[in-house]
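Raw structure26.pdb, PDB, C-alpha atoms:
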ATOM      1  CA  MET A   1     298.521 273.917 104.255
ATOM      2  CA  SER A   2     295.945 276.360 105.573
ATOM      3  CA  GLU A   3     294.801 276.112 109.158
ATOM      4  CA  THR A   4     292.886 279.383 108.981
ATOM      5  CA  ARG A   5     289.507 277.635 108.848
ATOM      6  CA  PRO A   6     288.384 274.564 110.777
ATOM      7  CA  GLU A   7     287.028 272.849 107.653
ATOM      8  CA  PHE A   8     290.428 273.084 105.961
ATOM      9  CA  ALA A   9     292.116 271.762 109.112
ATOM     10  CA  PHE A  10     289.718 268.778 109.285
ATOM     11  CA  VAL A  11     290.467 267.793 105.683
ATOM     12  CA  ALA A  12     294.212 268.210 106.300
ATOM     13  CA  ALA A  13     293.949 266.071 109.453
ATOM     14  CA  VAL A  14     292.188 263.246 107.591
ATOM     15  CA  ALA A  15     294.944 263.393 104.944
ATOM     16  CA  ASP A  16     297.517 263.297 107.762
ATOM     17  CA  ALA A  17     295.803 260.240 109.271
ATOM     18  CA  HIS A  18     296.070 258.567 105.848
ATOM     19  CA  GLU A  19     299.807 259.264 105.809
ATOM     20  CA  ARG A  20     300.017 257.511 109.182
ATOM     21  CA  GLY A  21     298.332 254.364 107.831
ATOM     22  CA  PHE A  22     294.684 255.077 108.694
ATOM     23  CA  ASP A  23     293.317 255.034 105.139
ATOM     24  CA  GLY A  24     289.870 253.958 106.346
ATOM     25  CA  ILE A  25     289.038 257.381 107.801
ATOM     26  CA  ARG A  26     286.673 259.277 105.478
ATOM     27  CA  MET A  27     284.627 262.458 105.460
ATOM     28  CA  VAL A  28     281.112 263.380 104.419
ATOM     29  CA  ALA A  29     280.522 267.142 104.232
ATOM     30  CA  ASN A  30     277.651 269.451 103.375
ATOM     31  CA  PHE A  31     276.367 272.989 103.711
ATOM     32  CA  TYR A  32     273.480 273.260 106.158
ATOM     33  CA  ALA A  33     270.535 275.557 105.405
ATOM     34  CA  THR A  34     272.051 278.198 107.730
ATOM     35  CA  GLY A  35     275.183 278.281 105.569
ATOM     36  CA  HIS A  36     277.332 276.395 108.059
ATOM     37  CA  TRP A  37     279.718 273.713 106.814
ATOM     38  CA  ARG A  38     279.088 270.353 108.446
ATOM     39  CA  CYS A  39     281.099 267.184 108.303
ATOM     40  CA  ARG A  40     281.055 263.698 109.684
ATOM     41  CA  VAL A  41     284.398 261.964 109.965
ATOM     42  CA  THR A  42     283.734 258.256 109.750
ATOM     43  CA  VAL A  43     285.257 254.792 109.435
ATOM     44  CA  PRO A  44     282.851 252.894 107.186
ATOM     45  CA  ASP A  45     283.022 249.132 107.023
ATOM     46  CA  PRO A  46     283.808 247.726 103.567
ATOM     47  CA  GLY A  47     280.604 247.864 101.547
ATOM     48  CA  GLY A  48     278.949 249.959 104.260
ATOM     49  CA  ASP A  49     277.437 253.416 104.251
ATOM     50  CA  ASP A  50     280.004 256.256 104.218
ATOM     51  CA  GLU A  51     278.328 257.716 107.311
ATOM     52  CA  GLN A  52     278.763 254.519 109.334
ATOM     53  CA  ASN A  53     280.917 254.537 112.505
ATOM     54  CA  ALA A  54     281.065 258.311 113.003
ATOM     55  CA  LEU A  55     284.106 259.551 114.898
ATOM     56  CA  VAL A  56     282.891 263.141 115.048
ATOM     57  CA  ALA A  57     280.038 265.271 113.717
ATOM     58  CA  TYR A  58     281.126 268.888 113.371
ATOM     59  CA  SER A  59     279.437 272.158 112.382
ATOM     60  CA  SER A  60     281.332 275.345 111.596
ATOM     61  CA  ALA A  61     278.824 277.057 113.896
ATOM     62  CA  GLY A  62     281.063 275.708 116.687
ATOM     63  CA  GLY A  63     284.169 277.504 115.418
ATOM     64  CA  TRP A  64     287.341 275.784 116.600
ATOM     65  CA  ASP A  65     285.533 273.685 119.245
ATOM     66  CA  LEU A  66     285.925 270.750 116.866
ATOM     67  CA  PHE A  67     284.994 267.877 119.167
ATOM     68  CA  GLY A  68     282.460 269.673 121.367
ATOM     69  CA  ASP A  69     284.744 269.521 124.410
ATOM     70  CA  GLY A  70     285.539 273.219 124.740
ATOM     71  CA  ARG A  71     289.089 272.917 123.398
ATOM     72  CA  THR A  72     289.837 275.453 120.654
ATOM     73  CA  ASP A  73     293.646 275.361 120.292
ATOM     74  CA  TRP A  74     293.848 272.723 117.559
ATOM     75  CA  THR A  75     296.617 272.000 115.087
ATOM     76  CA  VAL A  76     296.312 269.608 112.162
ATOM     77  CA  ASP A  77     298.568 267.107 113.957
ATOM     78  CA  ALA A  78     296.466 267.267 117.124
ATOM     79  CA  ILE A  79     293.243 266.786 115.147
ATOM     80  CA  ALA A  80     294.773 263.793 113.339
ATOM     81  CA  ASP A  81     295.929 262.344 116.677
ATOM     82  CA  ARG A  82     292.389 262.611 118.076
ATOM     83  CA  LEU A  83     290.808 261.096 114.958
ATOM     84  CA  ILE A  84     293.251 258.179 115.017
ATOM     85  CA  ASP A  85     292.547 257.552 118.722
ATOM     86  CA  LEU A  86     288.811 257.527 118.000
ATOM     87  CA  ALA A  87     289.298 255.274 114.941
ATOM     88  CA  ARG A  88     291.461 252.589 116.571
ATOM     89  CA  PRO A  89     288.504 250.417 117.738
ATOM     90  CA  PHE A  90     287.359 249.984 114.120
ATOM     91  CA  PRO A  91     289.335 247.336 112.169
ATOM     92  CA  SER A  92     288.556 249.059 108.856
ATOM     93  CA  ALA A  93     290.342 252.241 110.032
ATOM     94  CA  SER A  94     293.746 250.867 109.034
ATOM     95  CA  ARG A  95     292.570 248.976 105.968
ATOM     96  CA  ALA A  96     294.227 250.226 102.786
ATOM     97  CA  ASP A  97     292.003 252.431 100.638
ATOM     98  CA  PRO A  98     294.338 253.864  97.978
ATOM     99  CA  ALA A  99     291.481 255.156  95.795
ATOM    100  CA  TYR A 100     290.114 257.371  98.587
ATOM    101  CA  VAL A 101     293.598 258.482  99.673
ATOM    102  CA  ASP A 102     294.400 259.463  96.072
ATOM    103  CA  TRP A 103     291.028 261.240  95.745
ATOM    104  CA  LEU A 104     291.613 263.319  98.890
ATOM    105  CA  THR A 105     295.185 264.109  97.821
ATOM    106  CA  GLU A 106     293.926 265.381  94.447
ATOM    107  CA  LEU A 107     291.176 267.404  96.143
ATOM    108  CA  ARG A 108     293.735 269.054  98.428
ATOM    109  CA  ARG A 109     296.008 269.780  95.471
ATOM    110  CA  ARG A 110     293.206 271.367  93.432
ATOM    111  CA  THR A 111     291.868 273.444  96.337
ATOM    112  CA  GLY A 112     295.237 274.552  97.717
ATOM    113  CA  GLY A 113     294.486 272.788 100.994
ATOM    114  CA  GLY A 114     290.775 273.561 100.998
ATOM    115  CA  ALA A 115     287.691 271.453 101.626
ATOM    116  CA  PHE A 116     284.550 270.198  99.867
ATOM    117  CA  VAL A 117     280.808 269.673 100.133
ATOM    118  CA  MET A 118     278.796 266.736  98.849
ATOM    119  CA  PHE A 119     275.389 268.436  99.011
ATOM    120  CA  GLU A 120     273.672 271.598 100.146
ATOM    121  CA  ASP A 121     270.491 271.670 102.172
ATOM    122  CA  ALA A 122     268.937 273.963  99.555
ATOM    123  CA  PHE A 123     267.892 270.694  97.852
ATOM    124  CA  THR A 124     267.886 272.097  94.347
ATOM    125  CA  ARG A 125     268.892 269.457  91.844
ATOM    126  CA  GLU A 126     271.923 271.475  90.837
ATOM    127  CA  HIS A 127     273.201 271.461  94.430
ATOM    128  CA  MET A 128     272.758 267.731  94.978
ATOM    129  CA  TRP A 129     276.446 267.189  94.280
ATOM    130  CA  ARG A 130     276.630 263.673  95.690
ATOM    131  CA  GLN A 131     273.654 262.447  93.652
ATOM    132  CA  ARG A 132     275.313 263.923  90.570
ATOM    133  CA  GLY A 133     278.493 261.986  91.398
ATOM    134  CA  LEU A 134     280.389 265.170  92.268
ATOM    135  CA  VAL A 135     281.738 267.184  95.153
ATOM    136  CA  LYS A 136     281.870 270.984  95.162
ATOM    137  CA  LEU A 137     285.345 272.341  95.873
ATOM    138  CA  LEU A 138     285.982 274.946  98.569
ATOM    139  CA  TYR A 139     289.235 276.693  97.709
ATOM    140  CA  ALA A 140     291.706 277.767 100.402
ATOM    141  CA  ASP A 141     292.688 280.845  98.421
ATOM    142  CA  ALA A 142     292.093 282.787  95.220
ATOM    143  CA  GLU A 143     295.261 281.435  93.602
ATOM    144  CA  ALA A 144     294.065 277.824  93.938
ATOM    145  CA  ARG A 145     290.700 278.814  92.421
ATOM    146  CA  ARG A 146     292.467 280.558  89.514
ATOM    147  CA  ARG A 147     294.744 277.557  88.848
ATOM    148  CA  ASP A 148     291.757 275.217  88.899
ATOM    149  CA  ARG A 149     289.841 277.393  86.418
ATOM    150  CA  GLU A 150     292.804 277.198  84.035
ATOM    151  CA  ARG A 151     293.207 273.421  84.137
ATOM    152  CA  PRO A 152     292.443 271.326  81.046
ATOM    153  CA  GLY A 153     288.725 270.553  80.857
ATOM    154  CA  ALA A 154     287.617 273.725  82.634
ATOM    155  CA  GLY A 155     284.356 275.121  81.294
ATOM    156  CA  ALA A 156     282.714 271.713  80.782
ATOM    157  CA  VAL A 157     279.022 271.173  81.554
ATOM    158  CA  ASP A 158     277.017 268.081  82.464
ATOM    159  CA  GLU A 159     273.992 266.612  80.684
ATOM    160  CA  ASN A 160     271.757 269.253  82.339
ATOM    161  CA  GLY A 161     273.921 272.121  81.137
ATOM    162  CA  TRP A 162     275.201 272.804  84.669
ATOM    163  CA  THR A 163     278.832 273.780  84.959
ATOM    164  CA  LEU A 164     281.371 271.272  86.200
ATOM    165  CA  ASP A 165     283.783 274.051  87.163
ATOM    166  CA  GLY A 166     284.645 274.007  90.841
ATOM    167  CA  THR A 167     283.736 270.330  91.129
ATOM    168  CA  MET A 168     285.396 266.949  90.895
ATOM    169  CA  PRO A 169     284.075 263.387  90.921
ATOM    170  CA  ALA A 170     282.879 262.155  94.316
ATOM    171  CA  PRO A 171     284.887 259.385  95.977
ATOM    172  CA  LEU A 172     283.705 255.867  95.307
ATOM    173  CA  PRO A 173     282.132 253.922  98.163
ATOM    174  CA  ARG A 174     284.449 251.597 100.005
TER     175      ARG A 174
END
Go ahead and express the file in the form of structure tokens.
Amino acid sequence: MSETRPEFAFVAAVADAHERGFDGIRMVANFYATGHWRCRVTVPDPGGDDEQNALVAYSSAGGWDLFGDGRTDWTVDAIADRLIDLARPFPSASRADPAYVDWLTELRRRTGGGAFVMFEDAFTREHMWRQRGLVKLLYADAEARRRDRERPGAGAVDENGWTLDGTMPAPLPR
């Protein structure tokens, strides 16, 4: 597990929260026009919008000040602890969501502990990952990227001729 970048640590912390029984915690992530990675960690109600009940809104522009409180000495466990504390008031936080848990586990396996984006603020159709039913993978290291390029199905394209390499299907709504 890589804690070298805050975005990787956030994804690892959400996976850790799942292991502790808080399957209802989800993430929505994107690249902002400035190139910063942004995420919202949420606890959507069943059938609700994935950005409902935000626990935190983070931008990589803030470095390791993950919760905007000045603290920068985070570990994955400490991030997961904070997310769980923030999620406790929401009944859907501990509701089983095996499809999302499995999706995030597969994403972490494919990226070597990396992260993802669902869209980029460039707003080109090719970069509208979420609308295309995809997420773009952010690899933790070159080895994970190489392994993913060699997996069965690599080199496929969608109906527009855009590559599917470095992507995977987006999680289904709750």
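In this comparison, which uses all atoms listed in the file, the residue of A:Val157, A:Ala17, A:Pro44, A:Gly35 approaching A:Pro91 most closely is A:Pro44.
What the PyMOL selection byres ((chain A and resi 138-142) around 10) matches in the given file is A:Met1, A:Ser2, A:Glu3, A:Thr4, A:Arg5, A:Glu7, A:Phe8, A:Leu107, A:Arg108, A:Arg109, A:Arg110, A:Thr111, A:Gly112, A:Gly113, A:Gly114, A:Ala115, A:Phe116, A:Val117, A:Val135, A:Lys136, A:Leu137, A:Glu143, A:Ala144, A:Arg145, A:Arg146, A:Arg147, A:Asp148, A:Gly166, A:Thr167.
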### Query
Taking only C-alpha atoms into account, which of A:Pro6, A:Thr75, A:Ala13, A:Phe22 comes nearest A:Tyr100?
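That would be A:Phe22, the residue with the smallest distance to A:Tyr100.
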### Task
Just give me the gap between atom CA of A:Gly63 and atom CA of A:Thr105 in Å, one decimal is fine.
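A separation of 24.7 Å between them.
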### Message
Report as a PyMOL selection string all protein, DNA and RNA residues lying within 9 Å of A:Trp74, evaluated on all atoms listed in the file, omitting residues in the same chain fewer than 4 positions from it.
### Response
chain A and resi 6+9+64-66+78-79
Have stretch 17-28 of chain A completed to all heavy atoms, please, and pass it along as a compact mmCIF listing (two decimals), in the frame of the given file.
# COMPACT_ATOMS: atom_id res chain seq x y z
N ALA A 17 296.09 261.58 108.75
CA ALA A 17 295.80 260.24 109.27
C ALA A 17 296.07 259.18 108.20
O ALA A 17 296.59 258.10 108.50
CB ALA A 17 294.36 260.16 109.76
N HIS A 18 295.77 259.50 106.95
CA HIS A 18 296.07 258.57 105.85
C HIS A 18 297.57 258.33 105.76
O HIS A 18 298.02 257.19 105.58
CB HIS A 18 295.56 259.11 104.52
CG HIS A 18 294.07 259.18 104.42
ND1 HIS A 18 293.43 259.94 103.48
CD2 HIS A 18 293.09 258.60 105.15
CE1 HIS A 18 292.13 259.82 103.62
NE2 HIS A 18 291.89 259.00 104.64
N GLU A 19 298.35 259.40 105.88
CA GLU A 19 299.81 259.26 105.81
C GLU A 19 300.34 258.41 106.95
O GLU A 19 301.40 257.80 106.82
CB GLU A 19 300.46 260.64 105.84
CG GLU A 19 300.23 261.43 104.58
CD GLU A 19 300.77 262.86 104.65
OE1 GLU A 19 301.50 263.18 105.61
OE2 GLU A 19 300.45 263.64 103.75
N ARG A 20 299.60 258.32 108.03
CA ARG A 20 300.02 257.51 109.18
C ARG A 20 299.44 256.09 109.13
O ARG A 20 299.52 255.34 110.09
CB ARG A 20 299.57 258.18 110.47
CG ARG A 20 300.18 259.54 110.69
CD ARG A 20 299.84 260.01 112.07
NE ARG A 20 299.73 261.45 112.20
CZ ARG A 20 299.40 262.04 113.34
NH1 ARG A 20 299.15 261.32 114.42
NH2 ARG A 20 299.33 263.35 113.40
N GLY A 21 298.81 255.73 108.00
CA GLY A 21 298.33 254.36 107.83
C GLY A 21 296.87 254.14 108.17
O GLY A 21 296.41 253.00 108.19
N PHE A 22 296.11 255.20 108.38
CA PHE A 22 294.68 255.08 108.69
C PHE A 22 293.85 255.51 107.49
O PHE A 22 293.09 256.48 107.54
CB PHE A 22 294.35 255.88 109.96
CG PHE A 22 294.85 255.22 111.20
CD1 PHE A 22 296.16 255.41 111.61
CD2 PHE A 22 294.04 254.36 111.93
CE1 PHE A 22 296.66 254.77 112.74
CE2 PHE A 22 294.52 253.72 113.06
CZ PHE A 22 295.83 253.92 113.47
N ASP A 23 294.00 254.74 106.40
CA ASP A 23 293.32 255.03 105.14
C ASP A 23 291.81 254.93 105.25
O ASP A 23 291.08 255.48 104.42
CB ASP A 23 293.76 254.06 104.04
CG ASP A 23 295.18 254.25 103.59
OD1 ASP A 23 295.92 255.04 104.22
OD2 ASP A 23 295.57 253.59 102.62
N GLY A 24 291.31 254.20 106.23
CA GLY A 24 289.87 253.96 106.35
C GLY A 24 289.08 255.13 106.89
O GLY A 24 287.85 255.09 106.94
N ILE A 25 289.74 256.20 107.30
CA ILE A 25 289.04 257.38 107.80
C ILE A 25 288.58 258.20 106.60
O ILE A 25 289.36 258.53 105.72
CB ILE A 25 289.94 258.21 108.74
CG1 ILE A 25 290.32 257.38 109.97
CG2 ILE A 25 289.23 259.51 109.14
CD1 ILE A 25 291.30 258.08 110.91
N ARG A 26 287.28 258.52 106.58
CA ARG A 26 286.67 259.28 105.48
C ARG A 26 285.88 260.45 106.01
O ARG A 26 285.60 260.53 107.21
CB ARG A 26 285.72 258.38 104.67
CG ARG A 26 286.42 257.37 103.80
CD ARG A 26 285.41 256.56 103.00
NE ARG A 26 286.06 255.84 101.95
CZ ARG A 26 285.64 255.82 100.69
NH1 ARG A 26 284.57 256.48 100.33
NH2 ARG A 26 286.31 255.13 99.78
N MET A 27 285.45 261.30 105.10
CA MET A 27 284.63 262.46 105.46
C MET A 27 283.41 262.55 104.56
O MET A 27 283.48 262.23 103.38
CB MET A 27 285.41 263.76 105.27
CG MET A 27 286.61 263.92 106.16
SD MET A 27 287.43 265.50 105.88
CE MET A 27 286.27 266.60 106.69
N VAL A 28 282.32 262.99 105.15
CA VAL A 28 281.11 263.38 104.42
C VAL A 28 280.84 264.81 104.85
O VAL A 28 280.81 265.11 106.04
CB VAL A 28 279.92 262.47 104.79
CG1 VAL A 28 278.65 262.93 104.11
CG2 VAL A 28 280.23 261.02 104.43
